[in-house]
Every structure is written in structure tokens, then in C-alpha cells.
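Heads up: the structure comes next, in C-alpha cells.
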Amino acid sequence: MRKIDHRPKGERDAYKLLYAGFVAAPIIAEFDKFTVKGRHWDRYLSDDVAEKLPVERHTFMQGVGLIEIAAGMLVAAKPKWGGYVVGAWLVGIVANLWTKPEYRDIALRDIGLALGAVALARIAADQPTTHRRVAELPT
């Protein structure tokens with residue numbers, strides 16, 4: 001049976017936009033860490049954190065890239081949980097960037113992204129599930 005979505009069109013559209021953005025953006029941006037040679041992602045890592053790492057800064061940032069690709073895939077599979085994971089990850093990025101005054105503008109942008117990720121999770125929690133039948137939906 002076909003499922004019926006009774007949510008307002010604006011809410012459905014907001015969900016689709018947030019979902020697409022939080023699936024695509026982490027995967028595309030982090031894939032860039034491995035393919036584009038001109039970018040210096042390493043500079044965004046806090047010097048205090050980098051000094052305590054058991055690996056080189058660049059190696060650590062590549063690991064971060066893999067985690068962020070996984071986060072995008074988690075959002076694709078389970079947006080209800082993935083949105084919270086990405087939101088928390090972004091708060092960690094904000095904390096890291098705040099230690100570098102020249103990147104505080106990026107930190108503020110990432111606060112907005114974290115809020116968007118949590119909004120996605122909240123909207124996803126209200127998504128109709130695929131196992132419901134039309135007869136089971138509230139009228």
C-alpha cells in the first residue's frame with residue numbers, strides 16, 4: 001500500500017532539503033580532502049590538539065575526513081540519529097575552531113550547521129515510517 005504523508009508541504013520540503021544537504025555536504029567536502037592537493041585542511045586543526053596527537057596532523061585530518069564521510073552515510077541511512085551525530089560532531093568542530101581566532105567566522109557558520117543537523121533529526125523523527133499501512137495512519 002502507498003503511504004500518505006499528512007505533514008504540510010513546507011515541512012516535507014524542509015526535510016528533503018536538510019536531508020540532501022547533510023548527506024551530500026559531508027561526503028563531498030571530505031572526499032575533497034583526499035583528491036584536491038591545493039587545499040590545506042590541516043590548518044584548521046587546533047595547535048594544542050595537534051601537539052598531543054600520536055600521528056601527524058595531516059594523517060589525523062584524513063581520519064577526520066573518513067569519519068565525516070561515514071557521518072554523511074549515517075544521515076542517509078538513519079537521519080533521525082544521523083542528524084544528532086552530525087550536530088554533535090559539528091559542535092566539536094566549533095570548539096576546535098574557536099581556539100584559532102582567525103577561524104571563528106567558520107566556527108559561527110558551523111553552529112548554524114549544527115542547528116540544521118539537529119533540526120533534520122527532529123523532523124526525521126516525525127517522518128512516516130515505511131512499514132505503516134494507510135489504514136494505520138491517523139486521520
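By convention here, the chains of the C-alpha cells are called A, B, ... in the order presented, each chain's residues are numbered starting at 1, and ligands are numbered starting at 1 in the order presented.
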
Compile the contact shell of region 17-34 of chain A as a ChimeraX atom specification: residues with an atom at most 10 Å away, counting only C-alpha atoms, same-chain residues fewer than 6 positions apart removed. /A:11,40-42,58,61-77,79,82-83,86,113,116-121,123-124

Per DSSP on the backbone, what are the alpha helix (DSSP H) residues of chain A, as a count of residues only? 96

Residues near Thr99 (chain A), cut-off 10 Å, only C-alpha atoms, skip fewer than 2 positions along chain, as number ranges by chain: A: 44-49, 94-97, 101-104, 107

Selection export as a short mmCIF file (atom, residue, chain, number, x, y, z; two decimals), in the first residue's frame, atoms kept: C-alpha atoms:
```
data_model
loop_
_atom_site.label_atom_id
_atom_site.label_comp_id
_atom_site.auth_asym_id
_atom_site.auth_seq_id
_atom_site.Cartn_x
_atom_site.Cartn_y
_atom_site.Cartn_z
CA TYR A 44 42.01 24.19 10.77
CA LEU A 45 43.18 21.80 13.48
CA SER A 46 43.90 23.39 16.84
CA ASP A 47 47.62 23.61 17.53
CA ASP A 48 47.01 22.39 21.09
CA VAL A 49 45.27 19.28 19.78
CA VAL A 94 33.25 24.61 16.63
CA ALA A 95 35.18 24.01 19.86
CA ASN A 96 38.31 23.22 17.84
CA LEU A 97 37.95 26.25 15.54
CA PRO A 101 40.72 33.34 16.29
CA GLU A 102 41.26 33.58 12.52
CA TYR A 103 38.65 30.82 12.04
CA ARG A 104 35.94 31.99 14.41
CA ALA A 107 33.03 28.32 13.82
#
```

Nearest to Ala14 (chain A), chosen from A:Arg122, A:Glu56, A:Pro128, A:Trp98, with only C-alpha atoms counted in the distances: A:Arg122

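CA of Lys16 (chain A) is found 20.9 Å from CA of Ala88 (chain A).
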